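One structure is given here, and the rest of the page talks about it.
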Amino acid sequence: DAKTTQPPSMDCAEGRAANLPCNHSTISGNEYVYWYRQIHSQGPQYIIHGLKNNETNEMASLIITEDRKSSTLILPHATLRDTAVYYCIVRANTGNQFYFGTGTSLTVIP
Amino acid sequence: DVKVTQSSRYLVKRTGEKVFLECVQDMDHENMFWYRQDPGLGLRLIYFSYDVKMKEKGDIPEGYSVSREKKERFSLILESASTNQTSMYLCASSMLGQPGGETQYFGPGTRLLVL
């Protein structure tokens, strides 16, 4: 699975959009981009994933660049409950496990 | 919504005890996984299972065993708990061959302390 690079930490004002970047320059054609988050002392929570096209669900939007070498997770209106570590993972369609790196620690500030 | 539950959120055991961690999923998923999470080391796969009575070793199976007698239930067993098995244990499940990617859904985790 391709390696990902994320900033270690970010702050975002409550009510504003949180844009979390991820670089995955070695991504292969069959690899998906997944985003999870983990609130302190809880299990990782699935947010969204995509292959080529931008995706949106009730939690977030995923923007993948045309060359697929980077992506951005967008939380449109961040709340205090969105404070968590966000993980960007690149993975083929099937595989044994997800490799979680160190992620981005997002702090939403009142 | 997918629901993955784990039998305990917090557990304290003594060195040498046999420990059972239970995981149940309600989405009829074929795949189930056990990870442990430690600071600075991320998630590491212990064991996984693609079907009832089937099991495969992950990256760190030593000191652990698993049991999958029913499709919805995957148990992790510490035969003789040791202090270096103090960790957060996470169970996950996914649908085999899910169109659009085999998304894994995680349980809330069990924080195990071995004294």
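Labels for the structure tokens follow display order: chains A, B, ..., residues from 1 in each chain, ligands from 1.
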Exercise for the section: Fewer than 5 positions away in the same chain doesn't count, so skip those; otherwise give me all residues within 8 Å of region 75-92 of chain A, counting only C-alpha atoms, as a ChimeraX atom specification. Expected result: /A:1-4,6,12-19,22,24,27,30-40,59-61,98-110 /B:101
Can you write out the residues you just picked, keeping C-alpha atoms, as a PDB file, in the first residue's frame?
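Written out: result-v2.pdb:
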ATOM      1  CA  ASP A   1       0.000   0.000   0.000  1.00  0.00           C
ATOM      2  CA  ALA A   2       1.234   3.487  -0.839  1.00  0.00           C
ATOM      3  CA  LYS A   3       2.602   5.736   1.881  1.00  0.00           C
ATOM      4  CA  THR A   4       0.744   8.880   2.945  1.00  0.00           C
ATOM      5  CA  GLN A   6      -0.179  14.362   6.643  1.00  0.00           C
ATOM      6  CA  CYS A  12      -9.860  25.114  13.038  1.00  0.00           C
ATOM      7  CA  ALA A  13     -12.392  27.613  14.376  1.00  0.00           C
ATOM      8  CA  GLU A  14     -15.766  26.208  15.298  1.00  0.00           C
ATOM      9  CA  GLY A  15     -18.272  26.626  12.480  1.00  0.00           C
ATOM     10  CA  ARG A  16     -15.611  27.044   9.815  1.00  0.00           C
ATOM     11  CA  ALA A  17     -14.606  24.460   7.244  1.00  0.00           C
ATOM     12  CA  ALA A  18     -11.741  22.187   8.200  1.00  0.00           C
ATOM     13  CA  ASN A  19      -9.552  21.195   5.250  1.00  0.00           C
ATOM     14  CA  CYS A  22      -2.938  14.280   2.486  1.00  0.00           C
ATOM     15  CA  HIS A  24       0.068  10.061  -1.551  1.00  0.00           C
ATOM     16  CA  ILE A  27      -0.529   5.777  -5.197  1.00  0.00           C
ATOM     17  CA  ASN A  30      -6.184   0.350  -8.023  1.00  0.00           C
ATOM     18  CA  GLU A  31      -5.677   2.003  -4.640  1.00  0.00           C
ATOM     19  CA  TYR A  32      -8.442   3.812  -2.811  1.00  0.00           C
ATOM     20  CA  VAL A  33      -8.036   6.790  -0.495  1.00  0.00           C
ATOM     21  CA  TYR A  34      -9.722   6.203   2.872  1.00  0.00           C
ATOM     22  CA  TRP A  35     -10.249   8.604   5.728  1.00  0.00           C
ATOM     23  CA  TYR A  36     -10.864   7.581   9.322  1.00  0.00           C
ATOM     24  CA  ARG A  37     -10.855   9.540  12.524  1.00  0.00           C
ATOM     25  CA  GLN A  38     -10.232   8.539  16.102  1.00  0.00           C
ATOM     26  CA  ILE A  39     -11.553  10.439  19.034  1.00  0.00           C
ATOM     27  CA  HIS A  40      -9.505   9.944  22.171  1.00  0.00           C
ATOM     28  CA  MET A  59     -19.998  13.629   7.366  1.00  0.00           C
ATOM     29  CA  ALA A  60     -17.533  15.099   4.891  1.00  0.00           C
ATOM     30  CA  SER A  61     -16.330  15.671   1.349  1.00  0.00           C
ATOM     31  CA  PHE A  98      -5.404  -0.908   7.129  1.00  0.00           C
ATOM     32  CA  TYR A  99      -2.071   0.745   7.936  1.00  0.00           C
ATOM     33  CA  PHE A 100      -2.751   3.735  10.134  1.00  0.00           C
ATOM     34  CA  GLY A 101       0.100   6.240  10.245  1.00  0.00           C
ATOM     35  CA  THR A 102       0.348   9.069  12.740  1.00  0.00           C
ATOM     36  CA  GLY A 103      -2.464  11.132  11.200  1.00  0.00           C
ATOM     37  CA  THR A 104      -3.380  14.774  11.758  1.00  0.00           C
ATOM     38  CA  SER A 105      -4.530  15.899  15.172  1.00  0.00           C
ATOM     39  CA  LEU A 106      -7.341  18.362  14.505  1.00  0.00           C
ATOM     40  CA  THR A 107      -8.368  20.716  17.294  1.00  0.00           C
ATOM     41  CA  VAL A 108     -11.585  22.663  16.825  1.00  0.00           C
ATOM     42  CA  ILE A 109     -11.404  25.902  18.788  1.00  0.00           C
ATOM     43  CA  PRO A 110     -14.520  27.572  20.198  1.00  0.00           C
TER      44      PRO A 110
ATOM     45  CA  GLY B 101     -13.544  -1.123  -1.500  1.00  0.00           C
TER      46      GLY B 101
END
Handout entry: For Tyr35 (chain B): contacts at 7 Å, only C-alpha atoms, fewer than 2 positions along chain excluded, given as an MDAnalysis selection string
Key = chainID B and resid 33 37 43:46 89:91
Exercise for the section: Check every residue of chain B for an atom within 12 Å of chain A, counting only C-alpha atoms, and provide those that qualify as a PyMOL selection string. Expected result: chain B and resi 1-6+9-10+31-50+55-59+87-112
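If you count only C-alpha atoms and ignore residues fewer than 4 places along the chain from Val66 (chain B), what sits within 7 Å of it is B:Ser75, B:Leu76, B:Ile77.
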Practice task
May I ask for the distance between CA of Gly16 (chain B) and CA of Val52 (chain B), given in Å to one decimal place?
Solution key: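 So the answer is 28.6 Å.
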Problem - Distance query Lys71 (chain B) at most 8 Å, only C-alpha atoms, self and fewer than 6 positions along chain excluded, as a PyMOL selection string - result: chain B and resi 28-30+51-52
Practice task
Would you mind writing down, as JSON, numbers by chain, each residue of chain A that DSSP on the backbone assigns to strand (DSSP E)?
Solution key: {"A": [9, 10, 11, 12, 13, 18, 19, 20, 21, 22, 23, 31, 32, 33, 34, 35, 36, 37, 38, 45, 46, 47, 48, 49, 50, 55, 56, 61, 62, 63, 64, 70, 71, 72, 73, 74, 75, 84, 85, 86, 87, 88, 89, 90, 91, 92, 104, 105, 106, 107, 108, 109]}
